[in-house]
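*Asks:* The structure is given below, and queries will be raised subsequently.
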Amino acid sequence: MSENIEIREMDGVDVVRFLPQGVCSKLMQFKIKDGIVLEFEAVGGCSGNLGGIGMLIKGQNINEIVNRLQGIPCGSRPTSCPDQISKAIKAYIEAKKDIQVNV
C-alpha cells in the first residue's frame with residue numbers, strides 16, 4: 001500500500017486519507033462506499049476550487065472520477081489537485097485489491 005494513503009472502515013464506509021504531493025493541498029479525505037464518493041474534503045489549497053470539485057465528485061463512481069481528473073496539470077506544474085484526487089482514488093483502488101486478495 002502507498003505511504004501516502006490510509007484507509008479505515010467505519011460502519012461500512014471507507015474513510016480514506018491521502019497526502020497529496022506537488023500541490024498546495026496538504027491532506028485530502030474521502031468517504032467511499034460501494035465505489036461511490038460520499039464526501040470529500042481537503043486541507044489547504046484553493047478552498048473554493050476544492051469545495052467545488054468536492055461537490056462535483058460527490059455521488060460519482062470512483063472509476064469515472066479517475067478517468068475525468070487524471071493528468072490535469074496546474075500551470076507549469078505537472079500535477080494539480082484534480083490529478084492528485086485521481087491518484088488518491090487509484091491508490092485506494094489498488095489498496096482495496098490488496099486487502100481483498102489478502103483476506
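Letters A, B, ... go to the chains of the C-alpha cells in the order shown; residues in each chain start at 1; ligands are counted from 1 in the same order.
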For range 4-69 of chain A versus range 76-89 of chain A, which residues have an atom no more than 8 Å away, and what is each residue's nearest atom pair and distance in Å rounded to one decimal, using only C-alpha atoms, chain-then-number order, as a Markdown table?
*Replies:*
| residue | atom | partner | partner_atom | distance |
| --- | --- | --- | --- | --- |
| A:Ile5 | CA | A:Ala88 | CA | 7.3 |
| A:Phe18 | CA | A:Ala88 | CA | 6.0 |
| A:Pro20 | CA | A:Gln84 | CA | 5.9 |
| A:Gln21 | CA | A:Gln84 | CA | 7.3 |
| A:Gly22 | CA | A:Thr79 | CA | 6.6 |
| A:Val23 | CA | A:Ser80 | CA | 6.0 |
| A:Cys24 | CA | A:Cys81 | CA | 7.9 |
| A:Ser25 | CA | A:Cys81 | CA | 7.1 |
| A:Met28 | CA | A:Ile85 | CA | 7.7 |
| A:Gly45 | CA | A:Cys81 | CA | 8.0 |
| A:Leu50 | CA | A:Cys81 | CA | 7.6 |
| A:Ile53 | CA | A:Pro82 | CA | 7.8 |
| A:Ile62 | CA | A:Ile89 | CA | 6.6 |
| A:Ile65 | CA | A:Ser86 | CA | 6.7 |
| A:Val66 | CA | A:Ser86 | CA | 4.5 |
| A:Asn67 | CA | A:Ser86 | CA | 7.8 |
| A:Leu69 | CA | A:Pro82 | CA | 5.3 |
*Asks:* From a DSSP pass on the backbone, collect the residues of chain A flagged as alpha helix (DSSP H) and hand them back as a PyMOL selection string.
*Replies:* chain A and resi 47-57+62-69+81-102
*Asks:* Would you write out those residues with C-alpha atoms, as a PDB file, in the first residue's frame?
*Replies:*
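Output file out.pdb follows:
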ATOM      1  CA  SER A  47     -10.769  26.224  -0.836  1.00  0.00           C
ATOM      2  CA  GLY A  48     -13.287  27.457  -3.401  1.00  0.00           C
ATOM      3  CA  ASN A  49     -11.971  25.252  -6.190  1.00  0.00           C
ATOM      4  CA  LEU A  50     -11.572  22.191  -3.969  1.00  0.00           C
ATOM      5  CA  GLY A  51     -15.009  22.758  -2.444  1.00  0.00           C
ATOM      6  CA  GLY A  52     -16.466  22.909  -5.947  1.00  0.00           C
ATOM      7  CA  ILE A  53     -14.624  19.780  -7.026  1.00  0.00           C
ATOM      8  CA  GLY A  54     -15.872  18.060  -3.869  1.00  0.00           C
ATOM      9  CA  MET A  55     -19.461  18.873  -4.788  1.00  0.00           C
ATOM     10  CA  LEU A  56     -18.916  17.632  -8.348  1.00  0.00           C
ATOM     11  CA  ILE A  57     -17.421  14.274  -7.325  1.00  0.00           C
ATOM     12  CA  ILE A  62     -14.590   6.340  -8.404  1.00  0.00           C
ATOM     13  CA  ASN A  63     -13.545   4.931 -11.789  1.00  0.00           C
ATOM     14  CA  GLU A  64     -15.317   7.757 -13.601  1.00  0.00           C
ATOM     15  CA  ILE A  65     -13.641  10.326 -11.349  1.00  0.00           C
ATOM     16  CA  VAL A  66     -10.203   8.891 -12.177  1.00  0.00           C
ATOM     17  CA  ASN A  67     -10.987   8.950 -15.908  1.00  0.00           C
ATOM     18  CA  ARG A  68     -12.049  12.598 -15.773  1.00  0.00           C
ATOM     19  CA  LEU A  69      -9.383  14.057 -13.475  1.00  0.00           C
ATOM     20  CA  CYS A  81      -5.373  18.947  -7.057  1.00  0.00           C
ATOM     21  CA  PRO A  82      -7.747  17.208  -9.507  1.00  0.00           C
ATOM     22  CA  ASP A  83      -4.864  14.998 -10.672  1.00  0.00           C
ATOM     23  CA  GLN A  84      -3.967  14.250  -7.047  1.00  0.00           C
ATOM     24  CA  ILE A  85      -7.597  13.279  -6.389  1.00  0.00           C
ATOM     25  CA  SER A  86      -7.304  10.766  -9.224  1.00  0.00           C
ATOM     26  CA  LYS A  87      -4.021   9.482  -7.752  1.00  0.00           C
ATOM     27  CA  ALA A  88      -5.662   9.135  -4.331  1.00  0.00           C
ATOM     28  CA  ILE A  89      -8.539   7.142  -5.774  1.00  0.00           C
ATOM     29  CA  LYS A  90      -6.197   4.930  -7.823  1.00  0.00           C
ATOM     30  CA  ALA A  91      -4.168   4.251  -4.656  1.00  0.00           C
ATOM     31  CA  TYR A  92      -7.417   3.429  -2.849  1.00  0.00           C
ATOM     32  CA  ILE A  93      -8.475   1.011  -5.602  1.00  0.00           C
ATOM     33  CA  GLU A  94      -5.078  -0.739  -5.503  1.00  0.00           C
ATOM     34  CA  ALA A  95      -5.134  -0.920  -1.702  1.00  0.00           C
ATOM     35  CA  LYS A  96      -8.632  -2.422  -1.754  1.00  0.00           C
ATOM     36  CA  LYS A  97      -7.466  -5.062  -4.256  1.00  0.00           C
ATOM     37  CA  ASP A  98      -4.549  -5.941  -1.975  1.00  0.00           C
ATOM     38  CA  ILE A  99      -6.831  -6.147   1.062  1.00  0.00           C
ATOM     39  CA  GLN A 100      -9.345  -8.398  -0.734  1.00  0.00           C
ATOM     40  CA  VAL A 101      -6.613 -10.675  -2.059  1.00  0.00           C
ATOM     41  CA  ASN A 102      -5.041 -10.994   1.397  1.00  0.00           C
TER      42      ASN A 102
END
*Asks:* To one decimal place, how far is CA of Gly71 in chain A from CA of Glu39 in chain A in Å?
*Replies:*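 The value is 22.1 Å.
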*Asks:* Extract, using only C-alpha atoms, all DNA, RNA and protein residues at most 8 Å from range 31-36 of chain A, discarding same-chain residues fewer than 2 positions from it, and format them as a PyMOL selection string.
*Replies:* chain A and resi 12-16+29+38-40+58-63
*Asks:* Between CA of Val37 in chain A and CA of Arg17 in chain A, what distance in Å does the model show, to one decimal?
*Replies:*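 Calculated distance between CA of Val37 in chain A and CA of Arg17 in chain A is 13.0 Å.
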*Asks:* To test your reading of the structure, identify every residue in chain A that backbone DSSP assigns to strand (DSSP E or B), and report it as a PyMOL selection string.
*Replies:* chain A and resi 5-10+13-18+25-33+36-44+61+74+77
